[in-house]
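Engineer: Please read through the structure below; I'll follow up with questions.
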Amino acid sequence: MLKLQVKRLSTDFLIIGGGTAGAYAALTFCEHSDKRVLIAEKANIKRSGCLAAGVNALNAYIVPGKTPQDYVDYARGDAHSIVRGDLLLTMAEGLNRVTHKLEELGLTILKNPDGSYAARGNRNLKINGENIKPILAGAVSKEPQISVLNRVSVFEYIVRENRICGAYAVGVDEPSLYVISAKAVLCAAGGAAGLYKPNNPGFSRHKMWYPPFNTGAACAMGIRAGAEMTTLEMRFIALRCKDTIAPTGTLAQGVGAKQINSLGEVYEQKYGVTTSQRLYGTVVENLEGRGPCYLRTAGISRQQDEDLQKAYLNMAPSQTLRWIESGGPPSEQNVEIEGTEPYITGGHTASGYWVDANRETTIRGLFAAGDAAGGCPQKYVTGAFVEGEIAAKAALKYLGDELTDPGDGADSVKALLEARLDAAADSDEIDRLEEEMQSIMDEYAGGISRHYRYSEESLKTAEEKIRALTDRVNLTKARDTRGLVYILELTERLILCRALIAHLLARKETRWRGFAENTDYPDTSEDFLKYVNSRFNPHTDEFEIIFRDLVAEGEIYEH
Amino acid sequence: MSIEINREACAGCGACSEACPGSLLLLDEKGKAAIPKPERCWGCVSCVKECPARAIEFFLGADMGGRGGRMSVRREASMLHWDIRKPGGGLKTITVDSGDANKY
Ligand SMILES: Cc1cc2nc3c(=O)[nH]c(=O)nc-3n(C[C@H](O)[C@H](O)[C@H](O)COP(=O)(O)OP(=O)(O)OC[C@H]3O[C@@H](n4cnc5c(N)ncnc54)[C@H](O)[C@@H]3O)c2cc1C
Ligand code: SF4
Ligand code: SF4
C-alpha cells in the first residue's frame, strides 16, 4: 500500500492559493512586517489560477471624474441590491492604489499622450495582460520572507475552538501529507468551476471560462469547518464567444459590437443591461426562436480585425486560432455568443465566505479574499488585489506570538487518505463520477440545458441525487497522489453543490433573471432584500440558513 | 481543446510541466513531456509559451468545431511570435510586443 510521508511545517502567515489575491497579500504583508509567509499553491504560482492565460483589461478602476461611491452604486445596481456596501466601498477605495503598484511591477497599461491612463468605458483600463501572472510571481520570488510551496493541494483547515491553527495539504506529485501550522491563514484559493455540465461536454470539456482547476476548495473547506457562507445562490453565468468561451467585453466595449439575434435585431435594450439581464435576453431570444445570437462585428475594419486578433492572443488565444483556422475574421462574420454553465465566483457575483470589513471569516484568524470572498461583486483582478491587501494587514494585526498546537489529528487524516490509495484503482472512474455530478446539476439545479431554470421540486431531487453520489465517491480509490487530489476535488465540488442547492431553495424569488430562474417564484420579492447565508452542521449533515439584513457602506459590521 | 507534444523535439527541460496551472504535464520515464489526461487541458497555452524547443502545439478539439489548425509561440525578449499553421497548409505569424497595450 502506498504510504504518505508526513511533513510538518510552520509559518506566521499561511496563504492558501498563490493566485491574484494570494500573491498580492504576500507582497503587502512583507511591506509591513518581517515575519514569515508561506504560500501553499496547488500548481505553480508562475501561471496558476484565473490569470494563467492573461487578462484583457483591468475591469475595476476609478477613472477621472468618478468616485469609489460611483463604483459601489454601479455594482449594487448590477447585483440588484444584494451586496455588502461596506465591503464594496473599502474595495473601491483601494483600486487605483493597487493599479499603480502593478504598473511599478511591470504591467503595461495604455496611456494618453499626457501620461494619464487611457480608460475603456467608465471603469476599465486597457492593458497588455498576457504576463500579469509572471509579473506577480516574479515580485513574490524576490521576497526572502516568502516561502512558496508549489504543487500541494490544501484540502482541510485545522481549527480549534473556532480559531484557525493551520491546514492540511497533500503533494500533487509526491506522496506527502503536509501539516502546516500558522498563526493566521488567508484563503485565496478562488471560486468554483466544474459543478455543472459545461458548454463542450466532450473531449474539450475543460474549455470553460473559469479555470477548471479552481474546484471550490476554498468554499468547501470553510463549509466543512462551519464557516458562514453568503449568497452562493447568485451564480455567475458568463456570456461568451461560442465554443471557445472567450470573453466578449473586448468586442462589446472595444469595437462597440451590439448583441443581435438571428434576424439582425439589436435586442439588448429590450431586457436591460445588467450582467444577468444581458444573459437573460440571449436565453429568451433563443427560446423564442430568434437565435442564435451574435455580437455584431461584421463591417469593422481590417485594422480592427488585426488588433482584435492580437488582443485575444493576450488573454484567450483560442479565439484568435478560431478566426484564423475558420477563415472568417470578425469583420466578415458576426461572433456567435452563448451562456456558459454556472460558476461560483465572488469576483463577479457576491458568493463566498461571509467576512467582516477586515475580510476575516467567522472562523477567528481565517481571512478570505478574491473570488473566495462574498458580498463584494465586480471586484475582478484589482479588487482581488485590494482584498488581499486588506486581509494581509488585518492578519498582521491579528497575529499572536504563539503558534497554536495543531493537535494530533494528522494521524487519522493520514490513515483516511492512505485508505483511498490503491495501486489497482481505475483512474478513469473519478472522471465518470464527475460527469454524473455535472449532469445532475445541469438537469435539476438549473444548468445550460434547463436554461438556468429550476423549481423546489427539481432542487430537492438534485439534493437527493448529489447525496447518493457523494456516498459512492466516498468509496472510490486512487492509484497515486494525483488521483487522490482528483478525489478530494470532486468531494469539494459535491459539498459545494449541496450548499448551493440549499441557497437556491432558500431564496424564494427570482432576483437575477438569467443567473437563477426560480420557476416557483418567478418574480422579485421585497421580502428577499436580504442576504441568504448558511452554515453547515456536520452533526446533522444539514445546512442551516440564516437570513441577514443588508449592510450599507459606512456601517460597521462585526461578526 | 488541448495540446500536442512532439516527443522528438522535446528536450526534457520540464518548463512546461512547471507552468501548467492544472499540473497536467509530467516527464515520463524517457524524460519526455507527456500529458496523461489531455481532456483536462484548459487551453491557457502557458506550456506552449514556456517551451524553448517549440515542441508543444495547441489545437481546438473537433468537438468544439476545431478544424485542425495548430498554434505555437516563439519568444524573443518582450516579443511573442505566434505561429499558426492553417488546416489546409500555410502559416500565419502574429507578433505581439508585451510592451504594447491592447487597443481595445
Ligand atoms: C478567464 C478569465 C478572464 C478574466 N479576465 C479578466 C479581465 O480581463 N479583467 C479583470 O479585471 N478580471 C478578469 N477576470 C477576473 C479575475 O481574473 C478574477 O476575479 C481574479 O483573478 C480572482 O483572483 P483570486 O485570487 O480569487 O483567484 P485566482 O487568481 O484564480 O487564485 C486562486 C489560486 O488558488 C490556487 N488553488 C486552488 N485550489 C487550491 C488548493 N486546494 N490548494 C492550494 N491552492 C489552490 C489556484 O491554483 C490559484 O493559483 C477574469 C477571470 C477569468 C477566469
Ligand atoms: S494549455 Fe494550459 S492547461 Fe493545457 S496543458 Fe498547457 S499549461 Fe496545462
Ligand atoms: S518545455 Fe518543451 S522541451 Fe521542455 S519538457 Fe516541455 S515539451 Fe519538452
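We name chains A, B, ... following the order of the C-alpha cells; residues begin at 1 in each chain, and ligands are numbered from 1 as shown.
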Got a sec to pull out which chain A residues are within 6 Å of chain B, counting only C-alpha atoms, and send them as an mmCIF file with N, CA, C and O atoms, in the first residue's frame?

Structural biologist:
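That gives us iface-v2.cif:
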```cif
data_model
loop_
_atom_site.group_PDB
_atom_site.id
_atom_site.type_symbol
_atom_site.label_atom_id
_atom_site.label_comp_id
_atom_site.auth_asym_id
_atom_site.auth_seq_id
_atom_site.Cartn_x
_atom_site.Cartn_y
_atom_site.Cartn_z
ATOM 1 N N ALA A 43 -0.740 24.511 -8.014
ATOM 2 C CA ALA A 43 0.021 24.389 -9.266
ATOM 3 C C ALA A 43 1.386 25.039 -9.028
ATOM 4 O O ALA A 43 2.101 24.667 -8.109
ATOM 5 N N ARG A 47 2.059 30.581 -13.223
ATOM 6 C CA ARG A 47 0.927 30.696 -14.156
ATOM 7 C C ARG A 47 -0.334 30.050 -13.589
ATOM 8 O O ARG A 47 -1.091 29.425 -14.330
ATOM 9 N N SER A 48 -0.554 30.187 -12.298
ATOM 10 C CA SER A 48 -1.710 29.487 -11.737
ATOM 11 C C SER A 48 -2.954 30.365 -11.706
ATOM 12 O O SER A 48 -2.868 31.587 -11.756
ATOM 13 N N ALA A 53 -3.767 32.544 -18.494
ATOM 14 C CA ALA A 53 -3.680 32.852 -19.930
ATOM 15 C C ALA A 53 -3.491 34.341 -20.170
ATOM 16 O O ALA A 53 -3.183 34.768 -21.277
ATOM 17 N N THR A 108 2.015 46.521 -18.361
ATOM 18 C CA THR A 108 1.829 47.551 -19.386
ATOM 19 C C THR A 108 0.400 48.069 -19.332
ATOM 20 O O THR A 108 -0.555 47.302 -19.470
ATOM 21 N N ILE A 109 0.246 49.372 -19.118
ATOM 22 C CA ILE A 109 -1.082 49.986 -19.102
ATOM 23 C C ILE A 109 -1.089 51.074 -20.172
ATOM 24 O O ILE A 109 -0.140 51.858 -20.266
ATOM 25 N N LEU A 110 -2.132 51.105 -20.979
ATOM 26 C CA LEU A 110 -2.177 52.092 -22.066
ATOM 27 C C LEU A 110 -2.354 53.500 -21.488
ATOM 28 O O LEU A 110 -3.164 53.734 -20.602
ATOM 29 N N ILE A 127 -4.842 47.306 -21.029
ATOM 30 C CA ILE A 127 -3.509 46.844 -20.618
ATOM 31 C C ILE A 127 -3.006 45.802 -21.614
ATOM 32 O O ILE A 127 -3.715 45.431 -22.543
ATOM 33 N N ASN A 128 -1.769 45.337 -21.401
ATOM 34 C CA ASN A 128 -1.359 44.076 -22.004
ATOM 35 C C ASN A 128 -1.268 43.110 -20.839
ATOM 36 O O ASN A 128 -0.322 43.162 -20.055
ATOM 37 N N PHE A 203 -14.596 15.908 -25.375
ATOM 38 C CA PHE A 203 -13.142 15.994 -25.223
ATOM 39 C C PHE A 203 -12.720 17.372 -24.701
ATOM 40 O O PHE A 203 -11.837 17.486 -23.854
ATOM 41 N N SER A 204 -13.379 18.418 -25.181
ATOM 42 C CA SER A 204 -12.983 19.784 -24.800
ATOM 43 C C SER A 204 -13.707 20.280 -23.554
ATOM 44 O O SER A 204 -13.962 21.465 -23.413
ATOM 45 N N HIS A 206 -12.912 20.844 -20.615
ATOM 46 C CA HIS A 206 -12.274 21.862 -19.782
ATOM 47 C C HIS A 206 -12.091 23.192 -20.500
ATOM 48 O O HIS A 206 -11.492 24.112 -19.971
ATOM 49 N N LYS A 207 -12.599 23.280 -21.724
ATOM 50 C CA LYS A 207 -12.555 24.589 -22.382
ATOM 51 C C LYS A 207 -13.705 25.400 -21.834
ATOM 52 O O LYS A 207 -14.750 25.559 -22.457
ATOM 53 N N PHE A 213 -9.384 24.256 -12.691
ATOM 54 C CA PHE A 213 -8.533 23.839 -11.566
ATOM 55 C C PHE A 213 -8.897 24.573 -10.277
ATOM 56 O O PHE A 213 -8.381 24.239 -9.223
ATOM 57 N N ASP A 243 -18.245 28.199 -28.361
ATOM 58 C CA ASP A 243 -17.191 27.179 -28.449
ATOM 59 C C ASP A 243 -15.899 27.540 -27.712
ATOM 60 O O ASP A 243 -15.428 26.773 -26.886
ATOM 61 N N THR A 250 -14.229 42.650 -24.907
ATOM 62 C CA THR A 250 -13.341 43.322 -25.838
ATOM 63 C C THR A 250 -14.079 43.652 -27.142
ATOM 64 O O THR A 250 -13.801 44.656 -27.788
ATOM 65 N N GLY A 254 -14.760 47.239 -26.836
ATOM 66 C CA GLY A 254 -13.631 47.653 -27.665
ATOM 67 C C GLY A 254 -14.058 48.167 -29.023
ATOM 68 O O GLY A 254 -13.671 49.263 -29.436
ATOM 69 N N ALA A 311 -5.293 41.271 -29.451
ATOM 70 C CA ALA A 311 -5.862 41.415 -28.103
ATOM 71 C C ALA A 311 -6.254 40.042 -27.552
ATOM 72 O O ALA A 311 -6.015 39.737 -26.386
ATOM 73 N N GLU A 325 -8.215 29.771 -38.313
ATOM 74 C CA GLU A 325 -8.412 28.475 -38.972
ATOM 75 C C GLU A 325 -9.750 28.390 -39.700
ATOM 76 O O GLU A 325 -9.897 27.638 -40.653
#
```

Engineer: Find the residues around A:Leu504 up to 10 Å (only C-alpha atoms counted), leave out those fewer than 5 positions away in its own chain, and share them as a count of residues only.

Structural biologist: 19

Engineer: Within 6 Å of ligand 1, counting only C-alpha atoms and all ligand atoms, which protein or nucleic acid residues do you find, written as number ranges by chain?

Structural biologist: A: 16-22, 40-43, 45, 48-51, 55-60, 153-155, 188-190, 209-211, 214, 217, 347, 370-372, 380-381, 384

Engineer: When you look at stretch 180-187 of chain A with a cut-off of 9 Å (counting only C-alpha atoms), what residues show up, excluding the ones that are within fewer than 2 positions of it in the same chain? I need them as a ChimeraX atom specification.

Structural biologist: /A:7-17,22,25,38,158,164-169,178,189-190,218-219,360,364-370,372-373,388,391-392,395-396,398-406

Engineer: Around ligand 3, which protein and nucleic acid residues have at least one atom no more than 9 Å from it, if we count only C-alpha atoms and all ligand atoms? List them as a PyMOL selection string.

Structural biologist: chain B and resi 5-7+9-19+25-27+31-34+47-56
